[in-house]
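Structure below is final26.tsv: TSV, C-alpha atoms.
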```
chain	number	residue	atom	x	y	z
A	1	MET	CA	37.14	17.74	92.11
A	2	SER	CA	38.44	14.15	92.11
A	3	VAL	CA	35.90	13.30	89.39
A	4	TYR	CA	37.21	16.13	87.20
A	5	SER	CA	40.78	14.96	87.78
A	6	ALA	CA	39.99	11.37	86.80
A	7	VAL	CA	38.11	12.38	83.65
A	8	GLY	CA	40.78	14.97	82.85
A	9	VAL	CA	43.56	12.38	83.04
A	10	VAL	CA	41.70	10.02	80.69
A	11	VAL	CA	40.93	12.77	78.17
A	12	SER	CA	44.51	14.07	78.37
A	13	LEU	CA	45.99	10.64	77.65
A	14	PHE	CA	43.57	10.13	74.76
A	15	GLY	CA	44.42	13.57	73.38
A	16	LEU	CA	48.15	12.85	73.62
A	17	VAL	CA	47.73	9.65	71.59
A	18	THR	CA	45.48	11.16	68.91
A	19	ASN	CA	47.62	14.26	68.43
A	20	ALA	CA	50.80	12.16	68.32
A	21	ILE	CA	49.18	10.19	65.47
A	22	ASN	CA	48.22	13.48	63.79
A	23	MET	CA	51.77	14.79	64.05
A	24	LYS	CA	53.27	11.58	62.66
A	25	THR	CA	50.81	11.55	59.78
A	26	PHE	CA	51.30	15.19	58.79
A	27	VAL	CA	55.08	14.70	58.89
A	28	ALA	CA	54.67	11.67	56.60
A	29	MET	CA	52.52	13.80	54.27
A	30	GLY	CA	55.26	16.40	54.10
A	31	ALA	CA	54.62	20.02	54.96
A	32	GLU	CA	54.74	21.09	51.33
A	33	ASP	CA	52.02	23.72	51.64
A	34	GLY	CA	50.81	26.23	54.20
A	35	VAL	CA	47.67	24.29	55.11
A	36	THR	CA	49.48	21.04	55.95
A	37	MET	CA	52.13	22.99	57.85
A	38	SER	CA	49.38	24.72	59.84
A	39	PHE	CA	47.69	21.42	60.70
A	40	LEU	CA	51.05	19.98	61.80
A	41	PHE	CA	51.72	23.00	64.00
A	42	LEU	CA	48.15	22.85	65.33
A	43	SER	CA	48.54	19.20	66.32
A	44	SER	CA	51.92	19.91	67.94
A	45	ALA	CA	50.50	22.80	69.98
A	46	GLU	CA	47.55	20.69	71.11
A	47	PHE	CA	49.93	17.85	72.06
A	48	VAL	CA	51.86	20.19	74.38
A	49	CYS	CA	48.56	21.53	75.75
A	50	PHE	CA	47.50	17.98	76.63
A	51	LEU	CA	50.85	17.39	78.35
A	52	ALA	CA	50.25	20.50	80.46
A	53	ALA	CA	46.66	19.43	81.12
A	54	LEU	CA	47.90	16.04	82.32
A	55	GLY	CA	50.36	17.75	84.66
A	56	GLN	CA	47.55	19.97	85.92
A	57	GLU	CA	45.33	16.98	86.69
A	58	VAL	CA	48.18	15.14	88.41
A	59	GLY	CA	48.74	18.20	90.60
A	60	MET	CA	45.04	18.24	91.44
A	61	ALA	CA	45.13	14.52	92.24
A	62	LEU	CA	48.03	15.08	94.64
A	63	ARG	CA	46.11	17.90	96.29
A	64	VAL	CA	43.02	15.71	96.74
A	65	THR	CA	45.19	12.88	98.11
A	66	GLU	CA	46.52	15.13	100.86
A	67	LYS	CA	43.03	16.28	101.84
A	68	ILE	CA	41.47	12.80	101.80
A	69	SER	CA	44.27	11.41	103.97
A	70	GLY	CA	43.79	14.18	106.51
A	71	TYR	CA	47.30	15.34	105.61
A	72	GLN	CA	48.79	12.07	106.79
A	73	ILE	CA	50.19	11.82	103.27
A	74	VAL	CA	52.22	14.96	102.60
A	75	PHE	CA	54.35	15.87	99.59
A	76	GLY	CA	57.53	17.92	99.57
A	77	TYR	CA	55.94	20.75	97.60
A	78	GLN	CA	52.44	22.09	98.01
A	79	PRO	CA	50.49	20.33	95.20
A	80	MET	CA	48.83	23.63	94.28
A	81	VAL	CA	52.21	24.75	92.93
A	82	PHE	CA	52.13	22.12	90.18
A	83	ASN	CA	48.44	22.58	89.57
A	84	LEU	CA	48.71	26.34	88.95
A	85	PHE	CA	51.95	26.10	86.96
A	86	PHE	CA	50.63	23.55	84.46
A	87	ALA	CA	47.26	25.34	84.31
A	88	ASN	CA	49.09	28.53	83.31
A	89	VAL	CA	51.14	26.68	80.71
A	90	ARG	CA	48.01	25.15	79.21
A	91	ASN	CA	46.15	28.48	79.15
A	92	CYS	CA	49.20	30.16	77.65
A	93	LEU	CA	49.57	27.66	74.80
A	94	PHE	CA	45.86	27.08	74.13
A	95	THR	CA	45.74	30.46	72.36
A	96	ILE	CA	47.92	28.96	69.61
A	97	PRO	CA	45.33	26.40	68.34
A	98	VAL	CA	42.61	29.06	68.54
A	99	LEU	CA	44.54	31.53	66.39
A	100	ILE	CA	45.70	28.83	63.95
A	101	THR	CA	42.09	27.72	63.45
A	102	LEU	CA	41.15	31.36	62.83
A	103	TYR	CA	44.01	31.74	60.34
A	104	LEU	CA	43.05	28.59	58.42
A	105	SER	CA	39.40	29.63	58.23
A	106	VAL	CA	40.22	33.08	56.89
A	107	ALA	CA	42.82	31.70	54.45
A	108	LYS	CA	40.48	29.06	53.02
A	109	CYS	CA	37.60	31.52	52.83
A	110	MET	CA	39.65	34.03	50.84
A	111	CYS	CA	40.97	31.32	48.51
A	112	VAL	CA	37.46	30.05	47.80
A	113	VAL	CA	35.94	33.50	47.24
A	114	LYS	CA	38.86	34.89	45.17
A	115	PRO	CA	40.87	31.83	44.07
A	116	LEU	CA	42.98	33.57	41.41
A	117	HIS	CA	43.71	36.60	43.56
A	118	PHE	CA	44.73	34.71	46.72
A	119	LYS	CA	46.07	31.51	45.13
A	120	ASN	CA	49.69	32.18	46.11
A	121	THR	CA	49.07	34.54	49.03
A	122	PHE	CA	49.15	31.92	51.79
A	123	SER	CA	52.45	30.32	50.83
A	124	LYS	CA	54.50	27.98	52.98
A	125	GLN	CA	56.97	30.74	53.88
A	126	ARG	CA	54.28	33.26	54.82
A	127	THR	CA	52.44	30.67	56.83
A	128	ALA	CA	55.65	29.91	58.74
A	129	TRP	CA	55.95	33.59	59.66
A	130	VAL	CA	52.30	33.70	60.75
A	131	LEU	CA	52.73	30.61	62.93
A	132	MET	CA	55.86	32.09	64.47
A	133	GLY	CA	54.04	35.35	65.19
A	134	ILE	CA	51.15	33.48	66.80
A	135	SER	CA	53.55	31.55	69.04
A	136	VAL	CA	55.45	34.68	70.11
A	137	PHE	CA	52.21	36.49	70.92
A	138	ALA	CA	50.82	33.54	72.91
A	139	VAL	CA	53.93	33.24	75.09
A	140	THR	CA	54.94	36.88	75.59
A	141	SER	CA	51.39	38.06	76.34
A	142	TYR	CA	51.18	35.57	79.22
A	143	VAL	CA	54.46	36.63	80.88
A	144	PRO	CA	52.75	39.05	83.34
A	145	ILE	CA	50.65	36.18	84.74
A	146	PHE	CA	53.71	33.94	85.12
A	147	THR	CA	55.62	36.67	86.96
A	148	SER	CA	52.70	37.41	89.32
A	149	ALA	CA	53.12	34.02	91.02
A	150	GLY	CA	56.00	31.98	92.35
A	151	VAL	CA	57.22	29.52	94.97
A	152	SER	CA	58.58	30.37	98.42
A	153	VAL	CA	59.10	28.48	101.66
A	154	GLN	CA	56.15	29.24	103.93
A	155	TYR	CA	54.43	27.87	107.01
A	156	ASP	CA	51.61	25.48	106.09
A	157	PRO	CA	49.06	25.24	108.91
A	158	ASN	CA	47.59	22.06	107.40
A	159	ILE	CA	50.77	20.10	108.13
A	160	ASN	CA	52.12	22.35	110.91
A	161	GLN	CA	55.50	22.84	109.23
A	162	THR	CA	57.16	24.82	106.48
A	163	ARG	CA	57.50	23.71	102.88
A	164	PRO	CA	57.70	25.30	99.38
A	165	MET	CA	54.28	26.81	98.74
A	166	LEU	CA	52.54	28.93	96.17
A	167	TRP	CA	53.17	32.65	96.35
A	168	LEU	CA	50.82	35.17	94.68
A	169	SER	CA	51.44	38.89	94.20
A	170	LEU	CA	48.97	41.34	95.71
A	171	ASN	CA	47.88	42.65	92.30
A	172	ARG	CA	47.60	39.24	90.65
A	173	ASP	CA	43.82	39.44	90.20
A	174	VAL	CA	44.17	42.74	88.33
A	175	VAL	CA	46.95	41.35	86.13
A	176	VAL	CA	45.00	38.18	85.34
A	177	ASN	CA	41.86	40.12	84.42
A	178	ILE	CA	43.72	42.52	82.13
A	179	VAL	CA	45.80	39.87	80.37
A	180	ARG	CA	42.95	37.43	79.86
A	181	SER	CA	40.63	40.13	78.56
A	182	ILE	CA	43.21	40.94	75.87
A	183	ARG	CA	44.50	37.51	74.88
A	184	ASP	CA	41.61	35.20	75.84
A	185	SER	CA	38.30	37.06	75.86
A	186	PHE	CA	38.75	39.04	72.66
A	187	PRO	CA	40.09	36.11	70.56
A	188	ALA	CA	37.28	33.88	71.87
A	189	PHE	CA	34.54	36.26	70.70
A	190	ALA	CA	36.33	37.38	67.53
A	191	SER	CA	37.20	33.86	66.36
A	192	GLN	CA	33.66	32.66	67.00
A	193	GLY	CA	32.20	35.37	64.79
A	194	VAL	CA	34.85	35.31	62.06
A	195	ILE	CA	34.91	31.52	61.70
A	196	THR	CA	31.12	31.38	61.49
A	197	ILE	CA	31.11	34.03	58.76
A	198	CYS	CA	33.91	32.28	56.86
A	199	VAL	CA	32.05	28.98	56.91
A	200	PHE	CA	28.88	30.64	55.63
A	201	VAL	CA	30.75	32.40	52.81
A	202	MET	CA	32.72	29.29	51.79
A	203	SER	CA	29.66	27.05	51.84
A	204	LYS	CA	27.71	29.50	49.72
A	205	ALA	CA	30.55	29.90	47.21
A	206	LEU	CA	31.15	26.16	46.89
A	207	ARG	CA	27.46	25.40	46.44
A	208	LYS	CA	27.23	28.11	43.78
A	209	THR	CA	30.23	26.63	41.96
A	210	ALA	CA	28.80	23.11	42.13
A	211	LYS	CA	25.45	24.26	40.72
A	212	PHE	CA	27.17	26.17	37.90
A	213	ARG	CA	29.23	23.16	36.85
A	214	ALA	CA	26.21	20.89	37.06
A	215	SER	CA	24.13	23.15	34.78
A	216	ALA	CA	26.93	24.00	32.34
A	217	LYS	CA	28.29	20.47	31.93
A	218	THR	CA	25.21	18.29	32.11
A	219	TRP	CA	26.16	16.28	29.08
A	220	ILE	CA	29.71	15.72	30.41
A	221	ALA	CA	28.37	14.54	33.74
A	222	ALA	CA	26.17	12.05	31.95
A	223	HIS	CA	29.16	10.40	30.24
A	224	ASP	CA	32.07	11.11	32.56
A	225	ARG	CA	32.18	9.74	36.12
A	226	HIS	CA	35.17	11.94	36.85
A	227	ASP	CA	32.98	15.04	36.85
A	228	GLU	CA	30.69	13.43	39.42
A	229	LYS	CA	33.68	12.74	41.63
A	230	LEU	CA	34.70	16.38	41.39
A	231	ARG	CA	31.30	17.48	42.62
A	232	GLY	CA	31.48	14.87	45.35
A	233	ALA	CA	34.85	16.26	46.42
A	234	GLU	CA	33.39	19.74	46.63
A	235	LEU	CA	30.60	18.46	48.83
A	236	GLN	CA	33.20	16.79	51.05
A	237	VAL	CA	34.98	20.12	51.43
A	238	ILE	CA	31.72	21.75	52.48
A	239	LYS	CA	31.06	18.99	55.01
A	240	GLN	CA	34.59	19.22	56.37
A	241	VAL	CA	34.34	22.98	56.88
A	242	VAL	CA	30.94	22.65	58.55
A	243	VAL	CA	32.16	19.88	60.89
A	244	ILE	CA	35.31	21.79	61.86
A	245	SER	CA	33.20	24.87	62.50
A	246	VAL	CA	30.68	22.98	64.65
A	247	VAL	CA	33.46	21.35	66.70
A	248	TYR	CA	35.13	24.70	67.30
A	249	ILE	CA	31.88	26.47	68.15
A	250	VAL	CA	30.85	23.73	70.58
A	251	GLY	CA	34.23	23.88	72.30
A	252	ASN	CA	34.38	27.69	72.35
A	253	THR	CA	30.79	28.44	73.42
A	254	PRO	CA	31.26	27.35	77.09
A	255	LYS	CA	34.29	29.66	77.29
A	256	ILE	CA	32.21	32.59	76.06
A	257	ILE	CA	29.47	31.75	78.57
A	258	VAL	CA	31.96	31.65	81.45
A	259	ILE	CA	33.51	34.97	80.36
A	260	LEU	CA	30.12	36.65	80.12
A	261	ALA	CA	28.94	35.19	83.44
A	262	SER	CA	32.09	36.37	85.23
A	263	SER	CA	31.71	39.84	83.72
A	264	LEU	CA	28.03	40.18	84.60
A	265	VAL	CA	28.14	38.49	88.02
A	266	ALA	CA	31.03	39.80	90.11
A	267	GLU	CA	30.44	37.16	92.80
A	268	LEU	CA	31.65	34.46	90.38
A	269	ASN	CA	35.21	35.78	90.43
A	270	ILE	CA	38.03	34.28	92.50
A	271	GLY	CA	37.63	34.88	96.22
A	272	LYS	CA	33.98	35.86	95.89
A	273	ARG	CA	30.76	34.25	97.10
A	274	TYR	CA	30.17	31.91	94.15
A	275	GLN	CA	33.80	30.96	93.56
A	276	ASN	CA	33.01	27.22	93.78
A	277	LEU	CA	30.36	27.52	91.07
A	278	SER	CA	32.86	29.44	88.94
A	279	ASN	CA	35.40	26.63	89.42
A	280	ILE	CA	32.85	24.02	88.33
A	281	LEU	CA	32.00	26.02	85.20
A	282	SER	CA	35.67	26.57	84.37
A	283	ASN	CA	36.59	22.90	84.87
A	284	THR	CA	33.64	21.77	82.74
A	285	ARG	CA	34.66	24.23	80.04
A	286	GLU	CA	38.23	22.93	80.03
A	287	LEU	CA	37.05	19.33	79.72
A	288	ILE	CA	34.84	20.22	76.74
A	289	GLU	CA	37.73	22.06	75.05
A	290	MET	CA	40.01	19.08	75.59
A	291	MET	CA	37.45	16.64	74.19
A	292	MET	CA	36.96	18.78	71.08
A	293	SER	CA	40.71	18.93	70.50
A	294	ALA	CA	41.12	15.18	71.01
A	295	VAL	CA	38.64	14.21	68.27
A	296	ASN	CA	40.25	16.24	65.46
A	297	ILE	CA	41.78	13.01	64.17
A	298	VAL	CA	38.29	11.79	63.23
A	299	ILE	CA	37.73	14.86	61.04
A	300	TYR	CA	41.14	14.58	59.39
A	301	TYR	CA	40.69	10.88	58.67
A	302	LYS	CA	37.16	11.19	57.30
A	303	TYR	CA	37.57	14.24	55.07
A	304	ASN	CA	41.26	14.20	54.04
A	305	SER	CA	42.16	11.41	51.60
A	306	THR	CA	45.90	12.17	51.83
A	307	PHE	CA	45.72	11.93	55.61
A	308	ARG	CA	43.97	8.55	55.31
A	309	ARG	CA	46.66	7.19	52.99
A	310	ASN	CA	49.47	8.23	55.36
A	311	CYS	CA	47.78	7.45	58.68
A	312	THR	CA	49.18	3.94	59.04
A	313	VAL	CA	48.32	3.65	62.75
A	314	VAL	CA	44.57	4.07	62.22
A	315	LYS	CA	44.64	1.91	59.08
A	316	CYS	CA	46.29	-0.94	60.99
A	317	TYR	CA	43.82	-0.55	63.86
A	318	LEU	CA	40.83	-0.67	61.51
A	319	LYS	CA	42.30	-3.67	59.69
A	320	VAL	CA	42.81	-5.60	62.94
A	321	SER	CA	39.33	-4.62	64.18
A	322	ARG	CA	37.68	-5.89	61.01
A	323	SER	CA	39.63	-9.15	61.07
A	324	THR	CA	38.49	-9.89	64.63
A	325	LEU	CA	34.81	-9.36	63.84
```
Produce structure tokens that represent the structure in this file.
Amino acid sequence: MSVYSAVGVVVSLFGLVTNAINMKTFVAMGAEDGVTMSFLFLSSAEFVCFLAALGQEVGMALRVTEKISGYQIVFGYQPMVFNLFFANVRNCLFTIPVLITLYLSVAKCMCVVKPLHFKNTFSKQRTAWVLMGISVFAVTSYVPIFTSAGVSVQYDPNINQTRPMLWLSLNRDVVVNIVRSIRDSFPAFASQGVITICVFVMSKALRKTAKFRASAKTWIAAHDRHDEKLRGAELQVIKQVVVISVVYIVGNTPKIIVILASSLVAELNIGKRYQNLSNILSNTRELIEMMMSAVNIVIYYKYNSTFRRNCTVVKCYLKVSRSTL
């Protein structure tokens, strides 16, 4: 577990930096439309998730420190308290980026397929309401899990004295299974399918549009470079959608595998025979999700020209890097 904690801390710090840059850049761009507002909110939610992930890894590091020292080093609170609290916060808020990604995929897909019909449907005001609804759902749906655990002063046999320790309700396992099946399992499967379909539909529509313009305006393309740039921009949109889809699918697939494995093999659940294997799978899944979220800045910078113009931090870094070569 110490290896997971060390890697988790590094990834969390990297994710905090990249998402802070994303937030600063999107603010500089101005949230004048629903898409930019969604990306700003997405980066903000992921920033808070990385803060919670960092707190979770610190709690795990404290727990490992106590065990390695043979409980010669003891902290005032049981480290598991911090570990579980921040893990719950992260799991609670991670639903927000998932649902925002789903919203953006559906919105872009509809605008590409029926541009005139849905041109003004996803306005800034409506997007704000959607983002607010997503946030309310993410927080309120996780309340039962928060209330099924707490802190109370108990006797700790490891240190032979009392201290504030983690308290779990008797029906916590039932509550966790019900809540996560509604707010985690279903969105994971639904978003995977819907986003894949949206990408397929958008790619097909954009390719069809590009071919139509190329055949209908051959003589314009031969004399006007601007038309070539338009087709190049369309291809960039296709690439961006495909890359975002691949990143999401890669990060979401381990979660689906863990959910299916836990459902099919009862011994993988908490307190069962293969609990340690389940913990390894869950920790690996979380690291993959964090890594996928941390590299979003690469996609934004490569495929969004407005983001590149306003991302002064990355521009300065690239300028310094080139000057030192």
Note to self: Can you measure CA of Leu102 (chain A) to CA of Val194 (chain A) for me? One decimal in Å is fine.
What the structure shows: 7.5 Å
Next item on the list: Between CA of Val136 (chain A) and CA of Met60 (chain A), measure the distance and give it in Å to one decimal.
Entry: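 That distance, rounded to one decimal, is 28.9 Å.
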Item checked: Best match for closeness to Tyr77 (chain A) among A:Ser141, A:Ser203, A:Gln161, A:Ser293, counting only C-alpha atoms ->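 For Tyr77 (chain A), the nearest of the candidates is A:Gln161.
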Margin query: Which residue is closest to Thr147 (chain A)? Choose from A:Phe39, A:Phe85, A:Tyr71, A:Phe94 and count all atoms listed in the file.
Written below: A:Phe85
Margin query: Just to confirm, what's the straight-line distance from CA of Cys311 (chain A) to CA of Met291 (chain A) in Å (one decimal)?
Written below: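 About the pair CA of Cys311 (chain A) and CA of Met291 (chain A): they are 20.8 Å apart.
Distances to Val247 (chain A) were evaluated for A:Ser43, A:Thr284, A:Ile195, A:Pro144 using all atoms listed in the file, and the minimum falls at A:Ile195.
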Margin query: What's around region 183-192 of chain A at 7 Å? Count all atoms listed in the file, leave out sequence neighbours fewer than 2 positions away in its own chain, and write the answer as a ChimeraX atom specification.
Written below: /A:102,179-181,194-196,249,252,256,259
Notebook entry, point to check: Which residue gives the smallest distance to Glu286 (chain A) among A:Met23, A:Ala53, A:Val313, A:Ile182, with all atoms listed in the file counted?
Noted result: A:Ala53
Next item on the list: Show which residues sit within 12 Å of Thr306 (chain A), as a list of chain:residue names. Count all atoms listed in the file, and ignore same-chain residues fewer than 5 positions away.
Entry: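 The filter keeps A:Thr25, A:Phe26, A:Val27, A:Ala28, A:Met29, A:Gly30, A:Thr36, A:Tyr300, A:Tyr301, A:Cys311, A:Thr312.
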Expected file: the selected residues, C-alpha atoms, as a PDB file, in the coordinates of the input:
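Generated file (selection.pdb):
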```pdb
ATOM      1  CA  THR A  25      50.810  11.550  59.780  1.00  0.00           C
ATOM      2  CA  PHE A  26      51.300  15.190  58.790  1.00  0.00           C
ATOM      3  CA  VAL A  27      55.080  14.700  58.890  1.00  0.00           C
ATOM      4  CA  ALA A  28      54.670  11.670  56.600  1.00  0.00           C
ATOM      5  CA  MET A  29      52.520  13.800  54.270  1.00  0.00           C
ATOM      6  CA  GLY A  30      55.260  16.400  54.100  1.00  0.00           C
ATOM      7  CA  THR A  36      49.480  21.040  55.950  1.00  0.00           C
ATOM      8  CA  TYR A 300      41.140  14.580  59.390  1.00  0.00           C
ATOM      9  CA  TYR A 301      40.690  10.880  58.670  1.00  0.00           C
ATOM     10  CA  CYS A 311      47.780   7.450  58.680  1.00  0.00           C
ATOM     11  CA  THR A 312      49.180   3.940  59.040  1.00  0.00           C
TER      12      THR A 312
END
```
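Residues lying within 10 Å of Leu13 (chain A), counting all atoms listed in the file and ignoring same-chain neighbours fewer than 3 positions away, are A:Gly8, A:Val9, A:Val10, A:Leu16, A:Val17, A:Thr18, A:Phe47, A:Phe50, A:Leu51, A:Ala53, A:Leu54, A:Ala294.
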Those residues you just picked out, can you put them in a file as an mmCIF file, in the coordinates of the input with C-alpha atoms?
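The file below, part.cif, is the result:
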```cif
data_model
loop_
_atom_site.group_PDB
_atom_site.id
_atom_site.type_symbol
_atom_site.label_atom_id
_atom_site.label_comp_id
_atom_site.auth_asym_id
_atom_site.auth_seq_id
_atom_site.Cartn_x
_atom_site.Cartn_y
_atom_site.Cartn_z
ATOM 1 C CA GLY A 8 40.780 14.970 82.850
ATOM 2 C CA VAL A 9 43.560 12.380 83.040
ATOM 3 C CA VAL A 10 41.700 10.020 80.690
ATOM 4 C CA LEU A 16 48.150 12.850 73.620
ATOM 5 C CA VAL A 17 47.730 9.650 71.590
ATOM 6 C CA THR A 18 45.480 11.160 68.910
ATOM 7 C CA PHE A 47 49.930 17.850 72.060
ATOM 8 C CA PHE A 50 47.500 17.980 76.630
ATOM 9 C CA LEU A 51 50.850 17.390 78.350
ATOM 10 C CA ALA A 53 46.660 19.430 81.120
ATOM 11 C CA LEU A 54 47.900 16.040 82.320
ATOM 12 C CA ALA A 294 41.120 15.180 71.010
#
```
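Among A:Phe82, A:Tyr248, A:Phe41, A:Phe200, the residue with the shortest atom-to-atom distance to Met290 (chain A), counting only C-alpha atoms, is A:Tyr248.
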Margin query: Applying 12 Å and all atoms listed in the file, which residues near Arg126 (chain A) remain after dropping the ones on its own chain fewer than 4 positions away? List them as a PyMOL selection string.
Written below: chain A and resi 33-35+37-38+103+107+120-122+130-133
Margin query: Residues near Leu166 (chain A), anyone? I mean within 7 Å using only C-alpha atoms, not counting same-chain ones fewer than 5 positions away, as a ChimeraX atom specification.
Written below: /A:80-81,150-152
Check: Of the residues A:Gly59, A:Gly70, A:Gly76, A:Pro97, which is the one nearest to Asn296 (chain A), using all atoms listed in the file?
Finding: A:Pro97
Taking all listed atoms of region 67-82 of chain A, build the axis-aligned box, pad each of the six sides by 3 Å, then write its centre and edge lengths in Å to one decimal as lines of an AutoDock Vina configuration file.
```
center_x = 49.5
center_y = 18.1
center_z = 98.5
size_x = 22.1
size_y = 19.3
size_z = 22.6
```
Write region 178-185 of chain A as a PDB file, keeping the file's coordinate frame, completed to all heavy atoms.
```pdb
ATOM      1  N   ILE A 178      43.294  41.710  83.275  1.00  0.00           N
ATOM      2  CA  ILE A 178      43.720  42.520  82.130  1.00  0.00           C
ATOM      3  C   ILE A 178      44.267  41.646  81.013  1.00  0.00           C
ATOM      4  O   ILE A 178      43.893  41.779  79.841  1.00  0.00           O
ATOM      5  CB  ILE A 178      44.789  43.557  82.570  1.00  0.00           C
ATOM      6  CG1 ILE A 178      44.169  44.583  83.518  1.00  0.00           C
ATOM      7  CG2 ILE A 178      45.388  44.250  81.351  1.00  0.00           C
ATOM      8  CD1 ILE A 178      45.166  45.572  84.078  1.00  0.00           C
ATOM      9  N   VAL A 179      45.173  40.722  81.374  1.00  0.00           N
ATOM     10  CA  VAL A 179      45.800  39.870  80.370  1.00  0.00           C
ATOM     11  C   VAL A 179      44.784  38.972  79.689  1.00  0.00           C
ATOM     12  O   VAL A 179      44.766  38.850  78.451  1.00  0.00           O
ATOM     13  CB  VAL A 179      46.921  39.022  81.007  1.00  0.00           C
ATOM     14  CG1 VAL A 179      47.452  37.995  80.008  1.00  0.00           C
ATOM     15  CG2 VAL A 179      48.063  39.908  81.476  1.00  0.00           C
ATOM     16  N   ARG A 180      43.915  38.353  80.457  1.00  0.00           N
ATOM     17  CA  ARG A 180      42.950  37.430  79.860  1.00  0.00           C
ATOM     18  C   ARG A 180      41.891  38.140  79.029  1.00  0.00           C
ATOM     19  O   ARG A 180      41.364  37.570  78.078  1.00  0.00           O
ATOM     20  CB  ARG A 180      42.290  36.593  80.963  1.00  0.00           C
ATOM     21  CG  ARG A 180      43.247  35.569  81.554  1.00  0.00           C
ATOM     22  CD  ARG A 180      42.566  34.632  82.537  1.00  0.00           C
ATOM     23  NE  ARG A 180      43.483  33.598  82.977  1.00  0.00           N
ATOM     24  CZ  ARG A 180      43.208  32.679  83.898  1.00  0.00           C
ATOM     25  NH1 ARG A 180      42.008  32.675  84.477  1.00  0.00           N
ATOM     26  NH2 ARG A 180      44.099  31.771  84.237  1.00  0.00           N
ATOM     27  N   SER A 181      41.587  39.387  79.384  1.00  0.00           N
ATOM     28  CA  SER A 181      40.630  40.130  78.560  1.00  0.00           C
ATOM     29  C   SER A 181      41.216  40.447  77.197  1.00  0.00           C
ATOM     30  O   SER A 181      40.494  40.514  76.200  1.00  0.00           O
ATOM     31  CB  SER A 181      40.233  41.433  79.279  1.00  0.00           C
ATOM     32  OG  SER A 181      41.350  42.287  79.439  1.00  0.00           O
ATOM     33  N   ILE A 182      42.546  40.619  77.142  1.00  0.00           N
ATOM     34  CA  ILE A 182      43.210  40.940  75.870  1.00  0.00           C
ATOM     35  C   ILE A 182      43.483  39.702  75.047  1.00  0.00           C
ATOM     36  O   ILE A 182      43.177  39.655  73.844  1.00  0.00           O
ATOM     37  CB  ILE A 182      44.537  41.700  76.137  1.00  0.00           C
ATOM     38  CG1 ILE A 182      44.249  43.042  76.805  1.00  0.00           C
ATOM     39  CG2 ILE A 182      45.312  41.902  74.834  1.00  0.00           C
ATOM     40  CD1 ILE A 182      45.495  43.795  77.226  1.00  0.00           C
ATOM     41  N   ARG A 183      44.033  38.668  75.649  1.00  0.00           N
ATOM     42  CA  ARG A 183      44.500  37.510  74.880  1.00  0.00           C
ATOM     43  C   ARG A 183      43.541  36.322  74.892  1.00  0.00           C
ATOM     44  O   ARG A 183      43.712  35.398  74.097  1.00  0.00           O
ATOM     45  CB  ARG A 183      45.861  37.042  75.405  1.00  0.00           C
ATOM     46  CG  ARG A 183      45.801  36.422  76.781  1.00  0.00           C
ATOM     47  CD  ARG A 183      47.154  36.043  77.283  1.00  0.00           C
ATOM     48  NE  ARG A 183      47.873  35.177  76.379  1.00  0.00           N
ATOM     49  CZ  ARG A 183      47.669  33.877  76.258  1.00  0.00           C
ATOM     50  NH1 ARG A 183      46.716  33.304  76.966  1.00  0.00           N
ATOM     51  NH2 ARG A 183      48.402  33.154  75.447  1.00  0.00           N
ATOM     52  N   ASP A 184      42.556  36.319  75.783  1.00  0.00           N
ATOM     53  CA  ASP A 184      41.610  35.200  75.840  1.00  0.00           C
ATOM     54  C   ASP A 184      40.197  35.616  75.444  1.00  0.00           C
ATOM     55  O   ASP A 184      39.584  35.015  74.579  1.00  0.00           O
ATOM     56  CB  ASP A 184      41.593  34.593  77.254  1.00  0.00           C
ATOM     57  CG  ASP A 184      42.893  33.882  77.584  1.00  0.00           C
ATOM     58  OD1 ASP A 184      43.624  33.532  76.651  1.00  0.00           O
ATOM     59  OD2 ASP A 184      43.175  33.678  78.771  1.00  0.00           O
ATOM     60  N   SER A 185      39.686  36.650  76.095  1.00  0.00           N
ATOM     61  CA  SER A 185      38.300  37.060  75.860  1.00  0.00           C
ATOM     62  C   SER A 185      38.090  37.560  74.435  1.00  0.00           C
ATOM     63  O   SER A 185      37.182  37.101  73.723  1.00  0.00           O
ATOM     64  CB  SER A 185      37.892  38.144  76.860  1.00  0.00           C
ATOM     65  OG  SER A 185      38.024  37.671  78.184  1.00  0.00           O
TER      66      SER A 185
END
```
